[in-house]
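Okay, so here's the structure we're looking at.
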Amino acid sequence: MQIVLPDLRLAGAEVFVLAMACLILIVDLFVKDKRRTVTFVLTQFTLAGAAIVTYSMSTGEILYTFSNMYVGDLMGDLLKVLLYLTVMVVLFYSRAYLQDRPQMAKGEFYSLTLFATLGMMVMISANHFLTVYIGIELLSLSLYALVALNRDSIPATEAAMKYFVLGALASGLLLYGMSMIYGATGSLEISAVSESLFSGQANKAILGFGIVFLVSGIAFKLGVVPFHMWIPDVYHGAPTAVTLFIASAPKLAAFAIVIRMLVNGLLVASQDWQTMLLILSVLSMGVGNFAAIAQTNLKRMLAYSAISHMGFMLLGLVTGVVGGDARFALNAYSSSMFYVVTYVLTSAGTFGMILLLSRAGFESDEISDFAGLNKRSPWFAALMMMMMFSMAGIPFFVGFFAKFSVLQAVVAAGYLWLAIAAVFFSLVGAYYYLRVVKVMYFDPPPNMSRIEAPINVKILMSANGLAVALLGIFPQTLMSLCAFSLLRSL
């Protein structure tokens, strides 16, 4: 019997992160420093090392290993490097917050973050439906534990329970959909499923039911309507450092699995899932934006905002299958990828600002907590204003060009009514973003205390805000990078 050994070099970054996560678990047992400096440094070293490994192993070609269950391509490499950078930024922003809360300043936070990152890496490079599921479950289980990490907090425990129960339901939907796709095509390998559909050998009736359940499971992971019910409670109830993590990095992995499963695997059956994504998109933009208006808690407002943004991102995926033109499809998919990347950048900065204003015993997660911020710190108020303007899609910030590129693809696909609806919902969203700016610049501050923050966080926050502004002036580099990575991967 001939045994074919997998090429571990392609998955070198995953192997490195797994080994380091296990090592950090052991090392942290002997760390006496309550600041967890050693654990923090080792975690950042792991992420930086993974970025180096991913970059060094990137060839620009599409390569497979582990019996075609794992794929290495340029899109995956780019998303992974962005993932590492995002998690590194999240940890920098979170450190002072954790130190003010001894019950959370433990090594488990860093270990669980690395295991969640590993789950996202698996999702990004999966070429098999079960590999996707393994990555999702590794990410989800780590997030459940992170949300409940502060065991003394009733809202956090409640949020973790809701997240776990609804997540288990979504996993069941996803697995059931995968089983039906297996029954229809005879395979769970994404490439083989695509070939089966292309040759016309698949059972279309069973396949249709499978796609419904599969899209439902994906919709839960994206947090789009009507599978959005966990988003507001988890964002609000979880510690802000955990909310920052949930609101940023997983969006990159969610985009990857949509491309892998629906575009790479089920493109021939696009007529079965395109309409579903279209409905999910419109509902998410509508419910997300209108529900956000009524919120006074900033984290809940941003939760509903995230629902609307994911609906906007789906527009590019919906229109990419229209007409069958490869260049048009590339433009539509790259606009969605550009949208996700810019949203993650802006979301990280927004929640980073909430963490910056938080202190021991005070979360600073109400909109009123930002009252008079301009009088206390004009620079930080300007940075927060940049984030809000970008999320609202106001020129010339990066969020404007993200929305514009998606709308351009929608109009080119002939969905003029859909573009008009998206613009209308964006105008609704501008109201609650500008309300935060109004509170910062025109409301009196409750006190004039100085805003204290470590110098590295101040520098990173400034770089984050300037990136949002500069990418709005020069968006073409990032747009071209997204398009090129997809061109070499699809």
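Just so we're on the same page: first chain in the structure tokens is A, next is B, and so on; residues restart at 1 for each chain, and ligands are numbered from 1 in the order they show up.
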
Extract, using only C-alpha atoms, all DNA, RNA and protein residues at most 9 Å from A:Ala291, discarding same-chain residues fewer than 4 positions from it, and format them as a tab-separated table (two decimals) with N, CA, C and O atoms, in the first residue's frame.
chain	number	residue	atom	x	y	z
A	286	GLY	N	-31.72	46.87	5.57
A	286	GLY	CA	-32.89	47.55	6.12
A	286	GLY	C	-33.00	47.42	7.63
A	286	GLY	O	-33.04	48.41	8.36
A	287	VAL	N	-33.03	46.18	8.11
A	287	VAL	CA	-33.19	45.95	9.55
A	287	VAL	C	-32.00	46.51	10.33
A	287	VAL	O	-32.17	47.15	11.37
A	295	GLN	N	-30.72	52.80	19.11
A	295	GLN	CA	-29.78	52.37	20.14
A	295	GLN	C	-29.10	53.55	20.82
A	295	GLN	O	-28.71	54.52	20.16
A	301	MET	N	-25.30	49.64	18.88
A	301	MET	CA	-25.44	50.37	17.63
A	301	MET	C	-24.49	49.82	16.57
A	301	MET	O	-24.87	49.60	15.41
A	304	TYR	N	-25.76	46.38	15.17
A	304	TYR	CA	-26.73	46.49	14.08
A	304	TYR	C	-26.07	47.07	12.83
A	304	TYR	O	-26.43	46.70	11.70
A	305	SER	N	-25.11	47.94	13.05
A	305	SER	CA	-24.35	48.48	11.92
A	305	SER	C	-23.60	47.36	11.20
A	305	SER	O	-23.55	47.33	9.96

Per residue of stretch 353-430 of chain A within 8 Å of stretch 435-456 of chain A, what are the shortest atom pair and its distance in Å to one decimal, counting only C-alpha atoms, with rows by chain and residue number, as JSON lines?
{"residue": "A:Leu356", "atom": "CA", "partner": "A:Ala453", "partner_atom": "CA", "distance": 6.6}
{"residue": "A:Leu357", "atom": "CA", "partner": "A:Ile451", "partner_atom": "CA", "distance": 6.9}
{"residue": "A:Ile367", "atom": "CA", "partner": "A:Val436", "partner_atom": "CA", "distance": 6.5}
{"residue": "A:Ser368", "atom": "CA", "partner": "A:Val439", "partner_atom": "CA", "distance": 7.0}
{"residue": "A:Phe370", "atom": "CA", "partner": "A:Met440", "partner_atom": "CA", "distance": 5.5}
{"residue": "A:Ala371", "atom": "CA", "partner": "A:Met440", "partner_atom": "CA", "distance": 4.8}
{"residue": "A:Gly372", "atom": "CA", "partner": "A:Pro445", "partner_atom": "CA", "distance": 4.0}
{"residue": "A:Leu373", "atom": "CA", "partner": "A:Met440", "partner_atom": "CA", "distance": 4.8}
{"residue": "A:Asn374", "atom": "CA", "partner": "A:Tyr441", "partner_atom": "CA", "distance": 5.5}
{"residue": "A:Lys375", "atom": "CA", "partner": "A:Pro445", "partner_atom": "CA", "distance": 7.3}
{"residue": "A:Arg376", "atom": "CA", "partner": "A:Met448", "partner_atom": "CA", "distance": 5.8}
{"residue": "A:Ser377", "atom": "CA", "partner": "A:Ile451", "partner_atom": "CA", "distance": 7.2}
{"residue": "A:Ala381", "atom": "CA", "partner": "A:Met440", "partner_atom": "CA", "distance": 6.7}
{"residue": "A:Met384", "atom": "CA", "partner": "A:Val437", "partner_atom": "CA", "distance": 7.9}
{"residue": "A:Met385", "atom": "CA", "partner": "A:Val437", "partner_atom": "CA", "distance": 5.9}
{"residue": "A:Met388", "atom": "CA", "partner": "A:Val437", "partner_atom": "CA", "distance": 7.3}

Item to complete: Show which residues sit within 9 Å of stretch 88-103 of chain A, as a count of residues only. Count only C-alpha atoms, and ignore same-chain residues fewer than 5 positions away.
Response: 38

Who sits within 9 Å of A:Leu277, only C-alpha atoms, same chain under 2 positions skipped, as a ChimeraX atom specification:
/A:215,219,273-275,279-282,311,314-315,317-318

Would you export the selected residues with C-alpha atoms as an mmCIF file, in the first residue's frame, please?
data_model
loop_
_atom_site.group_PDB
_atom_site.id
_atom_site.type_symbol
_atom_site.label_atom_id
_atom_site.label_comp_id
_atom_site.auth_asym_id
_atom_site.auth_seq_id
_atom_site.Cartn_x
_atom_site.Cartn_y
_atom_site.Cartn_z
ATOM 1 C CA VAL A 215 -26.698 29.295 2.967
ATOM 2 C CA ALA A 219 -25.802 33.538 6.987
ATOM 3 C CA TRP A 273 -28.325 30.750 -4.007
ATOM 4 C CA GLN A 274 -28.189 34.125 -5.737
ATOM 5 C CA THR A 275 -31.802 35.033 -4.903
ATOM 6 C CA ILE A 279 -32.999 38.758 -0.021
ATOM 7 C CA LEU A 280 -30.578 38.396 2.899
ATOM 8 C CA SER A 281 -28.671 41.445 1.693
ATOM 9 C CA VAL A 282 -31.690 43.757 1.387
ATOM 10 C CA GLY A 311 -25.601 42.931 3.838
ATOM 11 C CA LEU A 314 -23.164 40.429 -0.049
ATOM 12 C CA LEU A 315 -24.197 42.736 -2.902
ATOM 13 C CA LEU A 317 -21.264 38.377 -4.355
ATOM 14 C CA VAL A 318 -24.853 38.509 -5.621
#

Helix (DSSP H, G or I) call set, DSSP backbone run, stretch 203-284 of chain A, as a PyMOL selection string: chain A and resi 204-222+230-237+240-265+270-284

Any idea what's packed within 12 Å of A:Asn331, counting only C-alpha atoms, ignoring anything in its chain fewer than 3 positions away? Could you give it as a PyMOL selection string?
chain A and resi 316-317+319-322+325-328+334-338+405-410+412-413+479-487

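Pairwise distance (atom CA of A:Leu214, atom CA of A:Ile246) equals 21.8 Å.
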
Which of A:Phe209, A:Phe474, A:Tyr84, A:Tyr163 sits closest to A:Tyr176 [using only C-alpha atoms]:
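Result for the nearest residue to A:Tyr176: A:Phe209.
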
Test item: residues at most 8 Å from A:Asn289, only C-alpha atoms, excluding those fewer than 6 positions along its chain, as an NGL selection string: :A and (304-305 or 308 or 425-426 or 428-429)
